[in-house]
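S.K.: Dropping a structure here in structure tokens format, bear with me for questions.
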Amino acid sequence: MNVHETEKLYAAFEREGYGASESPDGADVIVFNTCCVREGAETRVLGNLGMIKHLKEKKPNLIVAVCGCMTQQKQVAEMLHKRCPFINIITGTYSLGALPQMVKAIESGEKFILDLEVNEAVPAGVNEAVRSENVNSFVNIMYGCNNFCTYCIVPYVKGRERSRKLEDIVNEVKSLSSRGVKEITLLGQNVNSYNDGKNDFYALLSELSAVDGDFWIKFMTSHPKDLSDDVIKLIGRERKLANYIHLPVQSGSDRILKAMNRHYDTAAYMHRIDMIREFIPNAGITADVIVGFPTETDEDFRSTLDLVKRVRYNNLFMFVYSKRNGTPAAIMDGQVDEKIKKARIAELITTQSAIANELASAAVGKTYSALCDGRGKTATAKTYDDRVIVFDDGGEDMYNRFVTIEVTDAKNSKLYGKIRK
Ligand code: SAH
Ligand code: SF4
């Protein structure tokens with residue numbers, strides 16, 4: 001999501017006559033677009049700012065701006081201003097489009113700008129973004145989140161859910177398709193609760209499936225409480241909708257899911273998985289999991305391992321619980337010891353690796369429809385169910401082309417294949 005926000009930031013700067021610099025040394029303006037979902041991301045920003053301090057000493061006119069969800073938190077913005085007084089602009093998640101104007105104000109002599117204004121207006125029209133040379137383009141369909149999972153900072157820094165108008169999204173997809181983009185990923189914190197006042201997510205997907213062009217659509221993220229049977233069946237029917245679903249489970253323990261405020265239990269989650277397997281042929285399913293949520297016992301963790309073994313995800317994004325100030329979980333009793341968290345994540349990674357390796361071996365000999373998204377002698381392609389296959393393109397540039405690939409080998413969880421014409 002942040003990658004796409006950064007693409008839009010590039011577009012805003014380009015409109016004002018700024019261009020991209022190859023390296024920080026050559027830049028007149030450096031912008032950090034931050035994320036605060038987990039502590040690791042915040043620590044990295046602080047480390048990088050430390051390095052920029054030296055650049056700024058050598059080049060006093062360098063303008064440094066920090067924006068995004070980390071700095072949307074007032075106390076973090078104040079801490080950064082104190083710790084790094086060389087930062088010229090601190091803004092949050094709502095004013096990214098205005099950043100070039102703030103830079104201009106600094107160029108005209110202003111010393112420091114702090115702008116944490118909250119503005120939940122939905123941008124109208126086609127989202128202007130400088131799309132990198134990627135085969136995949138992202139399209140925001142909604143902003144914000146209403147779910148307040150107890151561990152998560154997102155609703156506090158991105159505001160309440162609001163959806164873009166269906167016509168705007170359809171126009172953006174048409175424009176991308178006419179420019180030759182072949183994979184379009186719809187973005188939202190909970191795409192299933194998309195609603196522009198007239199149309200829901202099912203209606204949006206139906207409209208987008210009817211747009212002309214040779215492309216397929218993926219989307220993320222789906223919340224298990226809101227992914228409907230009708231949407232699952234639609235994906236199974238419509239060729240334009242890729243057979244891939246990212247369905248974060250977070251935990252395999254009903255008690256922990258309740259404490260997380262996720263509004264589903266493991267039985268409801270497994271029902272969704274069964275529906276997906278029944279109606280979407282060879283669906284690729286991935287998920288996010290958190291280990292070490294407050295009060296998680298060894299038995300709770302075993303339930304997570306069991307669920308992971310039952311579902312057999314193609315890919316799993318595994319996180320250690322990270323305390324986020326201002327969220328209910330941060331002040332819950334029963335915070336789990338760091339050592340226990342580390343041991344649990346290690347065991348989960350080992351379990352998932354074994355599953356991924358088995359799934360990779362089982363793919364050998366099968367043929368996949370895929371889109372070549374990495375070029376070179378050993379090119380890569382992403383399949384209709386979102387697996388990655390490495391192949392030798394034989395000197396032909398297959399980039400941005402749909403290909404049929406047979407998987408000929410698997411090493412650990414990596415797939416290798418050959419083009420079949
Ligand atoms: N809206 C999406 C994505 C949210 S952020 C969703 O509901 O799934 C992406 C992932 O980060 C989450 O799915 C969760 O697994 C993880 N995450 C969020 N807050 C976290 C925290 N405090 N500690 C560890 N992982 C967290
Ligand atoms: Fe965070 Fe939950 Fe919203 Fe996802 S659904 S962004 S995890 S609060």
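Each chain in the structure tokens gets a letter, A, B, ..., in the order shown, and its residues are numbered from 1; ligands are numbered from 1 in order too.
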Would you list the residues that come within 6 Å of ligand 1? Count only C-alpha atoms and all ligand atoms and give the answer as JSON, numbers by chain.

M.R.: {"A": [37, 38, 151, 152, 189, 190, 221, 223, 248, 250, 288, 289, 290, 319, 320, 321, 322, 323, 324]}

S.K.: Any chance you can output those residues with N, CA, C and O atoms as a PDB file, in the first residue's frame?

M.R.:
```pdb
ATOM      1  N   VAL A  37       3.000   0.212  11.227  1.00  0.00           N
ATOM      2  CA  VAL A  37       2.208  -0.970  11.576  1.00  0.00           C
ATOM      3  C   VAL A  37       2.970  -1.870  12.552  1.00  0.00           C
ATOM      4  O   VAL A  37       2.392  -2.423  13.474  1.00  0.00           O
ATOM      5  N   ARG A  38       4.291  -1.989  12.329  1.00  0.00           N
ATOM      6  CA  ARG A  38       5.112  -2.744  13.292  1.00  0.00           C
ATOM      7  C   ARG A  38       6.340  -1.923  13.660  1.00  0.00           C
ATOM      8  O   ARG A  38       6.769  -1.063  12.904  1.00  0.00           O
ATOM      9  N   TYR A 151      -4.729  -5.026  18.157  1.00  0.00           N
ATOM     10  CA  TYR A 151      -3.268  -4.868  18.039  1.00  0.00           C
ATOM     11  C   TYR A 151      -2.877  -3.771  17.063  1.00  0.00           C
ATOM     12  O   TYR A 151      -1.717  -3.384  16.979  1.00  0.00           O
ATOM     13  N   CYS A 152      -3.839  -3.242  16.294  1.00  0.00           N
ATOM     14  CA  CYS A 152      -3.490  -2.526  15.059  1.00  0.00           C
ATOM     15  C   CYS A 152      -3.633  -1.008  15.167  1.00  0.00           C
ATOM     16  O   CYS A 152      -4.641  -0.482  15.649  1.00  0.00           O
ATOM     17  N   GLN A 189      -7.792  -1.611   3.064  1.00  0.00           N
ATOM     18  CA  GLN A 189      -7.507  -2.373   4.294  1.00  0.00           C
ATOM     19  C   GLN A 189      -8.479  -3.537   4.439  1.00  0.00           C
ATOM     20  O   GLN A 189      -8.151  -4.560   5.021  1.00  0.00           O
ATOM     21  N   ASN A 190      -9.690  -3.363   3.920  1.00  0.00           N
ATOM     22  CA  ASN A 190     -10.696  -4.421   3.972  1.00  0.00           C
ATOM     23  C   ASN A 190     -11.573  -4.261   2.736  1.00  0.00           C
ATOM     24  O   ASN A 190     -12.645  -3.682   2.795  1.00  0.00           O
ATOM     25  N   THR A 221      -6.740  -6.082   1.048  1.00  0.00           N
ATOM     26  CA  THR A 221      -6.790  -7.331   1.782  1.00  0.00           C
ATOM     27  C   THR A 221      -8.242  -7.713   2.034  1.00  0.00           C
ATOM     28  O   THR A 221      -9.084  -6.838   2.251  1.00  0.00           O
ATOM     29  N   HIS A 223     -11.009  -9.342   4.529  1.00  0.00           N
ATOM     30  CA  HIS A 223     -11.209  -9.673   5.940  1.00  0.00           C
ATOM     31  C   HIS A 223     -12.136 -10.888   5.997  1.00  0.00           C
ATOM     32  O   HIS A 223     -13.217 -10.858   5.393  1.00  0.00           O
ATOM     33  N   PRO A 248      -5.996 -12.957   5.648  1.00  0.00           N
ATOM     34  CA  PRO A 248      -5.266 -13.009   6.918  1.00  0.00           C
ATOM     35  C   PRO A 248      -6.074 -13.695   8.011  1.00  0.00           C
ATOM     36  O   PRO A 248      -7.253 -13.388   8.196  1.00  0.00           O
ATOM     37  N   GLN A 250      -4.522 -14.374  11.282  1.00  0.00           N
ATOM     38  CA  GLN A 250      -3.927 -13.758  12.501  1.00  0.00           C
ATOM     39  C   GLN A 250      -3.683 -14.754  13.627  1.00  0.00           C
ATOM     40  O   GLN A 250      -2.642 -14.717  14.260  1.00  0.00           O
ATOM     41  N   ASP A 288      -1.810 -13.641   6.653  1.00  0.00           N
ATOM     42  CA  ASP A 288      -0.919 -13.051   7.672  1.00  0.00           C
ATOM     43  C   ASP A 288      -1.221 -13.738   8.997  1.00  0.00           C
ATOM     44  O   ASP A 288      -2.383 -14.057   9.275  1.00  0.00           O
ATOM     45  N   VAL A 289      -0.190 -13.941   9.801  1.00  0.00           N
ATOM     46  CA  VAL A 289      -0.356 -14.520  11.133  1.00  0.00           C
ATOM     47  C   VAL A 289       0.495 -13.726  12.120  1.00  0.00           C
ATOM     48  O   VAL A 289       1.601 -13.294  11.788  1.00  0.00           O
ATOM     49  N   ILE A 290      -0.043 -13.524  13.312  1.00  0.00           N
ATOM     50  CA  ILE A 290       0.721 -12.860  14.378  1.00  0.00           C
ATOM     51  C   ILE A 290       0.978 -13.884  15.488  1.00  0.00           C
ATOM     52  O   ILE A 290       0.043 -14.574  15.901  1.00  0.00           O
ATOM     53  N   PHE A 319       4.318 -12.611  11.535  1.00  0.00           N
ATOM     54  CA  PHE A 319       4.789 -11.462  12.313  1.00  0.00           C
ATOM     55  C   PHE A 319       4.824 -11.786  13.794  1.00  0.00           C
ATOM     56  O   PHE A 319       3.947 -12.489  14.304  1.00  0.00           O
ATOM     57  N   VAL A 320       5.835 -11.219  14.457  1.00  0.00           N
ATOM     58  CA  VAL A 320       5.868 -11.261  15.917  1.00  0.00           C
ATOM     59  C   VAL A 320       5.020 -10.081  16.397  1.00  0.00           C
ATOM     60  O   VAL A 320       5.155  -8.970  15.863  1.00  0.00           O
ATOM     61  N   TYR A 321       4.147 -10.304  17.374  1.00  0.00           N
ATOM     62  CA  TYR A 321       3.321  -9.215  17.890  1.00  0.00           C
ATOM     63  C   TYR A 321       4.212  -8.037  18.319  1.00  0.00           C
ATOM     64  O   TYR A 321       5.204  -8.215  19.010  1.00  0.00           O
ATOM     65  N   SER A 322       3.822  -6.850  17.878  1.00  0.00           N
ATOM     66  CA  SER A 322       4.604  -5.645  18.154  1.00  0.00           C
ATOM     67  C   SER A 322       3.662  -4.647  18.836  1.00  0.00           C
ATOM     68  O   SER A 322       2.589  -4.335  18.329  1.00  0.00           O
ATOM     69  N   LYS A 323       4.083  -4.203  20.016  1.00  0.00           N
ATOM     70  CA  LYS A 323       3.228  -3.323  20.828  1.00  0.00           C
ATOM     71  C   LYS A 323       3.106  -1.950  20.174  1.00  0.00           C
ATOM     72  O   LYS A 323       4.121  -1.312  19.894  1.00  0.00           O
ATOM     73  N   ARG A 324       1.896  -1.502  19.895  1.00  0.00           N
ATOM     74  CA  ARG A 324       1.689  -0.196  19.276  1.00  0.00           C
ATOM     75  C   ARG A 324       0.982   0.729  20.249  1.00  0.00           C
ATOM     76  O   ARG A 324      -0.171   0.459  20.635  1.00  0.00           O
TER      77      ARG A 324
END
```

S.K.: Identify, counting only C-alpha atoms and all ligand atoms, the protein, DNA and RNA residues located within 10 Å of ligand 2, and give them as JSON, numbers by chain.

M.R.: {"A": [37, 144, 145, 146, 147, 148, 149, 150, 151, 152, 153, 154, 155, 156, 158, 160, 161, 188, 189, 190, 191, 221, 222, 223, 224, 225, 248, 249, 250, 260, 261, 262, 288, 327]}

S.K.: Go through range 374-397 of chain A and flag each residue having an atom no more than 12 Å from range 305-316 of chain A; for those, report the closest pair of atoms plus their distance in Å to one decimal, using only C-alpha atoms, ordered by chain and rising number, as JSON lines.

M.R.:
```
{"residue": "A:Asp385", "atom": "CA", "partner": "A:Asn314", "partner_atom": "CA", "distance": 9.2}
{"residue": "A:Asp386", "atom": "CA", "partner": "A:Asn314", "partner_atom": "CA", "distance": 8.7}
{"residue": "A:Arg387", "atom": "CA", "partner": "A:Asn314", "partner_atom": "CA", "distance": 7.6}
{"residue": "A:Val388", "atom": "CA", "partner": "A:Asn314", "partner_atom": "CA", "distance": 10.5}
```

S.K.: Of the candidates A:Lys8, A:Lys342, A:Lys74, A:Lys421, which shows the shortest atom-to-atom distance to Asn325 in chain A, using only C-alpha atoms?

M.R.: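 Checking each of A:Lys8, A:Lys342, A:Lys74, A:Lys421 against Asn325 in chain A, counting only C-alpha atoms, the winner is A:Lys74.
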
S.K.: Can you tell me, as a PyMOL selection string, what residues are no more than 12 Å from Cys69 in chain A when counting only C-alpha atoms, ignoring any on the same chain fewer than 5 positions away?

M.R.: chain A and resi 1-2+5+32-38+41-42+45+74+76-77+90-96+116+118+144+153-159

S.K.: My list of candidates is A:Ala346, A:Ala259, A:Met79, A:Ile63. Which is closest to Ala105 in chain A when distances are computed with only C-alpha atoms?

M.R.: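 With only C-alpha atoms as the atom set, the closest residue is A:Ile63.
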
S.K.: Tell me which of A:Ala11, A:Ala210, A:Leu46, A:Ile89 sits closest to Val29 in chain A, counting only C-alpha atoms.

M.R.: A:Ile89

S.K.: Work out how far apart CA of Arg164 in chain A and CA of Tyr143 in chain A are and give it in Å to one decimal.

M.R.: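 Atom-to-atom, CA of Arg164 in chain A to CA of Tyr143 in chain A, that is 8.2 Å.
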
S.K.: Which residues, written as a ChimeraX atom specification, have at least one atom at most 7 Å from range 234-246 of chain A, with only C-alpha atoms counted and residues fewer than 4 positions away on the same chain left out?

M.R.: /A:209,215-218,220-222,230,279-281,283-287,384-386

S.K.: Can you write just those residues out, N, CA and C atoms, as a compact mmCIF listing (two decimals), in the first residue's frame?

M.R.:
```txt
# COMPACT_ATOMS: atom_id res chain seq x y z
N SER A 209 -14.91 -6.70 -14.19
CA SER A 209 -14.74 -7.91 -15.02
C SER A 209 -15.19 -7.66 -16.45
N PHE A 215 -6.10 -8.33 -19.28
CA PHE A 215 -5.47 -8.14 -17.97
C PHE A 215 -6.22 -8.97 -16.95
N TRP A 216 -5.61 -9.17 -15.78
CA TRP A 216 -6.35 -9.82 -14.71
C TRP A 216 -6.29 -8.97 -13.45
N ILE A 217 -7.24 -9.25 -12.56
CA ILE A 217 -7.39 -8.42 -11.36
C ILE A 217 -7.12 -9.25 -10.11
N LYS A 218 -6.28 -8.70 -9.23
CA LYS A 218 -6.10 -9.29 -7.90
C LYS A 218 -6.50 -8.21 -6.90
N MET A 220 -6.35 -6.94 -2.45
CA MET A 220 -6.02 -7.19 -1.06
C MET A 220 -6.29 -5.93 -0.24
N THR A 221 -6.74 -6.08 1.05
CA THR A 221 -6.79 -7.33 1.78
C THR A 221 -8.24 -7.71 2.03
N SER A 222 -8.52 -9.02 2.08
CA SER A 222 -9.86 -9.48 2.41
C SER A 222 -9.93 -9.76 3.90
N ASP A 230 -20.86 -14.94 -2.32
CA ASP A 230 -21.13 -14.46 -3.68
C ASP A 230 -19.85 -13.97 -4.36
N PHE A 279 -15.21 -23.39 -4.92
CA PHE A 279 -15.68 -22.60 -6.06
C PHE A 279 -14.57 -21.96 -6.90
N ILE A 280 -13.34 -21.93 -6.37
CA ILE A 280 -12.26 -21.33 -7.16
C ILE A 280 -11.24 -22.43 -7.46
N PRO A 281 -11.20 -22.88 -8.71
CA PRO A 281 -10.32 -24.00 -9.03
C PRO A 281 -8.87 -23.67 -8.73
N ALA A 283 -7.25 -22.52 -6.25
CA ALA A 283 -7.02 -21.18 -5.70
C ALA A 283 -5.68 -21.11 -4.97
N GLY A 284 -4.98 -19.98 -5.15
CA GLY A 284 -3.80 -19.71 -4.35
C GLY A 284 -4.28 -18.94 -3.12
N ILE A 285 -3.95 -19.45 -1.94
CA ILE A 285 -4.39 -18.76 -0.72
C ILE A 285 -3.16 -18.40 0.11
N THR A 286 -3.12 -17.13 0.54
CA THR A 286 -2.04 -16.68 1.42
C THR A 286 -2.68 -15.99 2.63
N ALA A 287 -1.87 -15.74 3.67
CA ALA A 287 -2.44 -15.11 4.87
C ALA A 287 -1.35 -14.41 5.68
N TYR A 384 -1.53 -17.12 -12.28
CA TYR A 384 -2.92 -16.73 -12.05
C TYR A 384 -3.30 -16.94 -10.59
N ASP A 385 -2.60 -17.86 -9.91
CA ASP A 385 -2.87 -18.08 -8.48
C ASP A 385 -1.75 -17.49 -7.61
N ASP A 386 -0.98 -16.57 -8.21
CA ASP A 386 0.02 -15.77 -7.50
C ASP A 386 1.25 -16.52 -7.00
```

S.K.: So which residues touch Asn195 in chain A within 10 Å, counting only C-alpha atoms, skipping near sequence neighbours fewer than 2 positions away, as a VMD selection string?

M.R.: chain A and resid 141 to 142 161 to 166 191 to 193 197 to 204

S.K.: Export, as a compact mmCIF listing (two decimals), in the first residue's frame, the selected residues with all heavy atoms.

M.R.:
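Full text of again.txt as output:
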```txt
# COMPACT_ATOMS: atom_id res chain seq x y z
N ILE A 141 -9.11 1.34 -3.87
CA ILE A 141 -10.56 1.41 -4.03
C ILE A 141 -11.19 2.04 -2.79
O ILE A 141 -12.31 2.53 -2.83
CB ILE A 141 -11.20 0.03 -4.34
CG1 ILE A 141 -10.98 -0.96 -3.20
CG2 ILE A 141 -10.66 -0.52 -5.65
CD1 ILE A 141 -11.88 -2.19 -3.34
N MET A 142 -10.47 2.00 -1.68
CA MET A 142 -10.98 2.61 -0.45
C MET A 142 -9.81 2.99 0.45
O MET A 142 -8.69 2.53 0.25
CB MET A 142 -11.91 1.64 0.28
CG MET A 142 -11.21 0.36 0.68
SD MET A 142 -12.35 -0.88 1.28
CE MET A 142 -12.98 -0.08 2.73
N GLU A 161 -13.26 4.22 7.27
CA GLU A 161 -13.40 3.70 5.91
C GLU A 161 -14.12 4.69 5.01
O GLU A 161 -15.15 5.24 5.40
CB GLU A 161 -14.25 2.42 5.93
CG GLU A 161 -13.46 1.19 6.18
CD GLU A 161 -14.33 -0.05 6.28
OE1 GLU A 161 -15.54 0.01 5.95
OE2 GLU A 161 -13.80 -1.08 6.71
N ARG A 162 -13.58 4.89 3.82
CA ARG A 162 -14.31 5.66 2.80
C ARG A 162 -13.90 5.08 1.44
O ARG A 162 -12.72 4.79 1.21
CB ARG A 162 -14.01 7.15 2.90
CG ARG A 162 -12.54 7.50 2.91
CD ARG A 162 -12.19 8.39 4.11
NE ARG A 162 -10.78 8.82 4.01
CZ ARG A 162 -9.82 8.33 4.78
NH1 ARG A 162 -10.07 7.42 5.70
NH2 ARG A 162 -8.59 8.76 4.65
N SER A 163 -14.90 4.94 0.58
CA SER A 163 -14.68 4.27 -0.70
C SER A 163 -14.68 5.27 -1.84
O SER A 163 -15.45 6.24 -1.82
CB SER A 163 -15.79 3.25 -0.96
OG SER A 163 -15.77 2.26 0.04
N ARG A 164 -13.85 5.01 -2.84
CA ARG A 164 -13.91 5.84 -4.06
C ARG A 164 -15.14 5.46 -4.86
O ARG A 164 -15.65 4.35 -4.76
CB ARG A 164 -12.66 5.60 -4.91
CG ARG A 164 -11.40 6.17 -4.31
CD ARG A 164 -10.21 5.80 -5.16
NE ARG A 164 -10.22 6.45 -6.46
CZ ARG A 164 -9.53 6.02 -7.51
NH1 ARG A 164 -8.79 4.94 -7.43
NH2 ARG A 164 -9.57 6.68 -8.66
N LYS A 165 -15.57 6.38 -5.72
CA LYS A 165 -16.75 6.11 -6.55
C LYS A 165 -16.44 5.03 -7.57
O LYS A 165 -15.35 5.03 -8.16
CB LYS A 165 -17.15 7.39 -7.30
CG LYS A 165 -17.77 8.43 -6.42
CD LYS A 165 -18.88 9.16 -7.18
CE LYS A 165 -19.76 9.99 -6.29
NZ LYS A 165 -19.74 9.68 -4.89
N LEU A 166 -17.41 4.15 -7.79
CA LEU A 166 -17.22 3.06 -8.74
C LEU A 166 -16.76 3.57 -10.11
O LEU A 166 -15.82 3.03 -10.69
CB LEU A 166 -18.52 2.25 -8.85
CG LEU A 166 -18.49 1.09 -9.83
CD1 LEU A 166 -19.12 -0.15 -9.20
CD2 LEU A 166 -19.20 1.43 -11.12
N VAL A 191 -11.07 -4.76 1.61
CA VAL A 191 -11.73 -4.49 0.32
C VAL A 191 -13.18 -4.99 0.31
O VAL A 191 -14.02 -4.45 -0.40
CB VAL A 191 -10.97 -5.10 -0.88
CG1 VAL A 191 -9.71 -4.33 -1.18
CG2 VAL A 191 -10.70 -6.57 -0.69
N ASN A 192 -13.47 -6.01 1.12
CA ASN A 192 -14.82 -6.58 1.10
C ASN A 192 -15.88 -5.64 1.65
O ASN A 192 -17.07 -5.84 1.42
CB ASN A 192 -14.87 -7.88 1.91
CG ASN A 192 -13.80 -8.83 1.42
OD1 ASN A 192 -12.78 -8.97 2.07
ND2 ASN A 192 -14.01 -9.42 0.28
N SER A 193 -15.46 -4.61 2.41
CA SER A 193 -16.48 -3.69 2.89
C SER A 193 -16.55 -2.45 2.00
O SER A 193 -17.12 -1.43 2.38
CB SER A 193 -16.26 -3.33 4.36
OG SER A 193 -15.03 -2.72 4.53
N GLY A 197 -21.81 3.92 -1.51
CA GLY A 197 -23.14 4.48 -1.28
C GLY A 197 -24.16 3.82 -2.18
O GLY A 197 -25.33 3.72 -1.84
N LYS A 198 -23.67 3.36 -3.37
CA LYS A 198 -24.59 2.71 -4.33
C LYS A 198 -24.15 1.29 -4.64
O LYS A 198 -24.96 0.41 -4.93
CB LYS A 198 -24.61 3.51 -5.65
CG LYS A 198 -25.50 4.72 -5.60
CD LYS A 198 -25.77 5.24 -7.01
CE LYS A 198 -25.14 6.61 -7.14
NZ LYS A 198 -24.61 7.03 -8.35
N ASN A 199 -22.85 1.08 -4.63
CA ASN A 199 -22.31 -0.20 -5.10
C ASN A 199 -21.44 -0.85 -4.04
O ASN A 199 -20.64 -0.17 -3.39
CB ASN A 199 -21.44 0.02 -6.33
CG ASN A 199 -22.17 0.82 -7.40
OD1 ASN A 199 -23.02 0.29 -8.10
ND2 ASN A 199 -21.87 2.11 -7.48
N ASP A 200 -21.56 -2.18 -3.90
CA ASP A 200 -20.69 -2.90 -2.96
C ASP A 200 -19.54 -3.57 -3.72
O ASP A 200 -19.38 -3.36 -4.93
CB ASP A 200 -21.51 -3.91 -2.13
CG ASP A 200 -22.15 -4.97 -3.00
OD1 ASP A 200 -21.86 -5.02 -4.23
OD2 ASP A 200 -22.95 -5.77 -2.47
N PHE A 201 -18.76 -4.37 -3.02
CA PHE A 201 -17.56 -4.96 -3.63
C PHE A 201 -17.93 -5.90 -4.77
O PHE A 201 -17.26 -5.95 -5.80
CB PHE A 201 -16.74 -5.68 -2.55
CG PHE A 201 -15.37 -6.11 -3.02
CD1 PHE A 201 -14.51 -5.21 -3.63
CD2 PHE A 201 -14.94 -7.42 -2.84
CE1 PHE A 201 -13.23 -5.61 -4.05
CE2 PHE A 201 -13.68 -7.83 -3.26
CZ PHE A 201 -12.83 -6.92 -3.87
N TYR A 202 -19.03 -6.65 -4.58
CA TYR A 202 -19.49 -7.57 -5.63
C TYR A 202 -19.81 -6.78 -6.90
O TYR A 202 -19.39 -7.16 -8.00
CB TYR A 202 -20.74 -8.33 -5.13
CG TYR A 202 -21.26 -9.34 -6.12
CD1 TYR A 202 -20.83 -10.66 -6.09
CD2 TYR A 202 -22.19 -8.96 -7.10
CE1 TYR A 202 -21.30 -11.58 -7.01
CE2 TYR A 202 -22.66 -9.88 -8.03
CZ TYR A 202 -22.22 -11.18 -7.97
OH TYR A 202 -22.68 -12.09 -8.88
N ALA A 203 -20.52 -5.66 -6.72
CA ALA A 203 -20.89 -4.84 -7.89
C ALA A 203 -19.63 -4.30 -8.55
O ALA A 203 -19.52 -4.28 -9.79
CB ALA A 203 -21.79 -3.70 -7.45
N LEU A 204 -18.68 -3.86 -7.75
CA LEU A 204 -17.44 -3.31 -8.31
C LEU A 204 -16.70 -4.39 -9.12
O LEU A 204 -16.28 -4.15 -10.27
CB LEU A 204 -16.53 -2.78 -7.18
CG LEU A 204 -15.16 -2.29 -7.61
CD1 LEU A 204 -15.25 -1.03 -8.48
CD2 LEU A 204 -14.25 -2.01 -6.41
```

S.K.: Skipping near chain neighbours, those fewer than 3 positions away, what residues fall within 6 Å of Ala360 in chain A using only C-alpha atoms, listed as a list of chain:residue names?

M.R.: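 The neighbour list is A:Asn357, A:Ala363, A:Ala410, A:Ser413.
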
S.K.: Using only C-alpha atoms, pick whichever of A:Ile184, A:Val211, A:Val336, A:Leu257 has the shortest atom-to-atom distance to Asn171 in chain A.

M.R.: A:Val211

S.K.: So which residues of range 239-357 of chain A fall under strand (DSSP E or B) by DSSP, listed as a list in words?

M.R.: Leu241, Tyr244, Ile245, His246, Gln250, Gly284, Ile285, Thr286, Ala287, Asp288, Val289, Ile290, Val291, Asn315, Leu316, Phe317, Met318, Phe319 and Val320 of chain A
